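Scroll down for the structure; my scribbles are underneath it.
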Amino acid sequence: MEASSQECVGETRIPVTVLTGVLGAGKTTLLRHILEKPHGYRVAVIQNEFSEEMGMEAPLFTDAKGDTIKDVYELPNGCLCCSAKDGLIGMLDVLLEQKDRFDHVLVEATGIADPEAVCEVFWVDEGLGSRVYLDGVLSLVDSYNMLSYLGKRKADEDSKTTSLGLEAEALKQVACADVLILNKVDLVSETERTRAAATLRDINPTARLLESRFAEVPLGDILGLQAFDKDRLAASVLSLPAFEEESGHGHDGHLHDGHSHGYCDCEVGKLTGAHGIESVLLHGEDDALYDPDKVRSWLADVLWEGTAGFVYRCKGLFRGPPDDGEDAKKRTVSHAVQGVGKIFEIEEASTAMTTKSKMLFIGRGLKRDVLVAGLIGCLVST
Ligand SMILES: Nc1nc2c(ncn2[C@@H]2O[C@H](COP(=O)(O)OP(=O)(O)OP(=O)(O)O)[C@@H](O)[C@H]2O)c(=O)[nH]1
């Protein structure tokens, strides 16, 4: 596409990139890279996370001075590919009024959004199409977990107890991509990395394929590419395999068909339920302190042994005891928990907690009582 085609009567259209990726693939990590590091790119971000439904706050992005970055806009109330479409158009309109502040817009879709339906916003809405253009679709893929969520694990492992059940959504995100980022390559062997890359190439032979650790990619490789091609996207989606109807998620693998008939499970903006995925949010007691070592061994049981059902994603914040010698009433230490598949980490949170400790688990067949008892078992003994 010629650069000049992005101009309209004396005005340059703003490029928009759509970012997709299943739960925990590294979308927030990529946003940190884009927003917090000094690249010279001025990017406004629209986030459509399920944070409200999940009871977790959206992540804060800060600049080198520690100040909160303001160019992040949250789009609540539903999923971008259906109920939040109008909200997206409205928000882009608001952003365009301040377009001297940025050169690029990045729209982060939830892990279940249908990227094809999100892209349609840009050619269905004529008014919008004259002011912005779709630069490309960027899909992040977790190289460590992708074979399970793309349904490519060996048959004996590929059961509902070891898979999130979002194969159709994950495949479509790969198929629709103009740029694929194979992230978390630090967690896989050379052989696994090659296999993962070949799997992606099989599904989408034409996308630019990048590999990354902690989503660190040159921004020139993902933004300002003028890579989006409507016909290529349609052809790529058509070549996807059909999926059987499951858990009320009524589609045939081509999510587009479901949408074009006005039906979408994520219409109410819920990741859980209709997709057969559950979430459990645990709240700690007001002043309770949790022992990081106990939390670590509890999570090992939950994630590695499956003691509370199949947990694919967990995240949380909890209050721990003060460092040795400090008065517990004066200062407690906040810890952040992040887990994807069987990998998790607990580290001191960079910002002090303003809310109670909370822990979110997403997966299938979750045992709430077991999780509640597990968290209570992590209380600091007095
Ligand atoms: N080892 C490793 N961990 C990574 C990499 N990229 C991201 N992570 C970790 O993976 C976890 C999930 O990353 P996020 O960026 O929060 O993923 P997300 O896609 O925003 O997650 P959701 O909002 O739940 O969909 C965090 O603990 C990250 O630090 C990577 O390249 N290597």
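Residue numbering restarts at 1 for every chain of the structure tokens, chains are lettered A, B, ... in their displayed order, and ligands are numbered from 1 as they appear.
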Practice problem: Grab me every residue within 8 Å of ligand 1, counting only C-alpha atoms and all ligand atoms, and send it over as a VMD selection string. | Solution: chain A and resid 21 to 31 49 110 to 111 140 142 183 to 187 212 to 216 313 to 315 337 to 340 344 to 345
Quiz item: Leaving out Thr307 (chain A) and any residue of its chain fewer than 3 positions from it, which residues lie within 12 Å of it when counting only C-alpha atoms, given as a list in words?
Solution: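 The residues that qualify are Thr161, Trp298, Leu299, Ala300, Asp301, Val302, Leu303, Trp304, Phe310, Val311, Gly365, Leu366, Lys367, Arg368, Asp369, Val370, Leu371, Ala373 and Gly374 of chain A.
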Considering only C-alpha atoms, return as an mmCIF file with N, CA and C atoms, in the first residue's frame whatever protein or nucleic-acid residues lie within 6 Å of region 44-47 of chain A, sequence-local ones (same chain, fewer than 4 positions apart) excluded.
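This is the output file around.cif:
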```cif
data_model
loop_
_atom_site.group_PDB
_atom_site.id
_atom_site.type_symbol
_atom_site.label_atom_id
_atom_site.label_comp_id
_atom_site.auth_asym_id
_atom_site.auth_seq_id
_atom_site.Cartn_x
_atom_site.Cartn_y
_atom_site.Cartn_z
ATOM 1 N N ASP A 71 -1.722 7.893 28.356
ATOM 2 C CA ASP A 71 -2.279 7.546 27.041
ATOM 3 C C ASP A 71 -2.808 6.124 26.967
ATOM 4 N N VAL A 72 -3.400 5.664 28.068
ATOM 5 C CA VAL A 72 -3.991 4.323 28.088
ATOM 6 C C VAL A 72 -5.464 4.501 28.424
ATOM 7 N N TYR A 73 -6.312 4.004 27.559
ATOM 8 C CA TYR A 73 -7.758 4.211 27.718
ATOM 9 C C TYR A 73 -8.423 2.859 27.850
ATOM 10 N N GLU A 74 -9.259 2.743 28.880
ATOM 11 C CA GLU A 74 -9.926 1.456 29.092
ATOM 12 C C GLU A 74 -11.283 1.437 28.429
ATOM 13 N N LEU A 75 -11.559 0.349 27.777
ATOM 14 C CA LEU A 75 -12.850 0.197 27.114
ATOM 15 C C LEU A 75 -13.599 -0.941 27.810
ATOM 16 N N VAL A 105 -2.198 4.338 17.187
ATOM 17 C CA VAL A 105 -3.116 3.800 18.203
ATOM 18 C C VAL A 105 -2.973 2.283 18.212
ATOM 19 N N LEU A 106 -2.902 1.720 19.415
ATOM 20 C CA LEU A 106 -2.854 0.272 19.536
ATOM 21 C C LEU A 106 -4.093 -0.166 20.322
ATOM 22 N N VAL A 107 -4.846 -1.086 19.749
ATOM 23 C CA VAL A 107 -6.069 -1.553 20.405
ATOM 24 C C VAL A 107 -5.826 -2.968 20.908
ATOM 25 N N GLU A 108 -5.836 -3.136 22.223
ATOM 26 C CA GLU A 108 -5.631 -4.479 22.791
ATOM 27 C C GLU A 108 -6.982 -5.158 22.959
#
```
Self-check item: Best match for closeness to Glu305 (chain A) among A:Thr68, A:Leu289, A:Lys342, A:Leu171, counting only C-alpha atoms
Solution: A:Lys342
Using only C-alpha atoms, which residues sit within 9 Å of Ile112 (chain A) once same-chain residues fewer than 2 positions away are excluded, as a CSV table (one decimal) with C-alpha atoms, in the first residue's frame?
```csv
chain,number,residue,atom,x,y,z
A,20,THR,CA,-4.4,-10.1,20.2
A,21,GLY,CA,-3.1,-13.1,22.2
A,22,VAL,CA,-4.6,-15.7,24.5
A,23,LEU,CA,-4.6,-15.3,28.3
A,79,CYS,CA,-16.0,-7.6,24.1
A,109,ALA,CA,-8.4,-7.0,22.4
A,110,THR,CA,-9.2,-9.6,25.1
A,114,ASP,CA,-12.5,-12.5,17.3
A,115,PRO,CA,-9.8,-10.4,15.5
A,166,LEU,CA,-10.0,-21.8,23.4
A,169,GLU,CA,-10.1,-18.5,19.2
A,170,ALA,CA,-6.3,-19.1,19.4
A,173,GLN,CA,-5.8,-15.1,16.2
A,266,CYS,CA,-18.9,-13.0,24.3
A,271,LEU,CA,-14.9,-14.7,29.3
```
Exercise. Rank nothing, just name the residue among A:Arg201, A:Lys99, A:His283, A:Lys70 nearest to Glu36 (chain A), using only C-alpha atoms.
Key: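 Closest to Glu36 (chain A), using only C-alpha atoms: A:Lys70.
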Self-check item: Nearest residue to Val217 (chain A) from the set A:His33, A:Arg42, A:Arg131, A:Arg193 (distances using only C-alpha atoms)
Solution: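 Using only C-alpha atoms, the shortest distance to Val217 (chain A) belongs to A:His33.
Nearest-residue note for Ala196 (chain A): choosing from A:Ser236, A:Thr355, A:Ser143, A:Gln226, the minimum distance belongs to A:Ser143, counting only C-alpha atoms.
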Exercise. Calculate how many Å separate CA of Ala336 (chain A) from CA of Pro38 (chain A), rounding to one decimal.
Key: 25.2 Å
Quiz item: Looking at only C-alpha atoms, which of A:Phe361, A:Tyr290, A:Tyr312, A:Phe228 is the one that sits closest to Phe122 (chain A)?
Solution: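 Smallest distance to Phe122 (chain A) is found for A:Phe228.
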Quiz prompt | Gap from CA of Lys230 (chain A) to CA of Leu96 (chain A) - Å, one decimal | solution =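 So the answer is 23.4 Å.
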Quiz item: Separation of CA of Ala197 (chain A) and CA of Gly363 (chain A), in Å?
Solution: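 Between CA of Ala197 (chain A) and CA of Gly363 (chain A) the gap is 25.9 Å.
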Practice problem: Measuring atom to atom with only C-alpha atoms, identify which of A:Ala288, A:Leu60, A:Ala207, A:Leu95 is nearest to Ile376 (chain A). | Solution: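 Among the listed residues, A:Ala288 lies closest to Ile376 (chain A).
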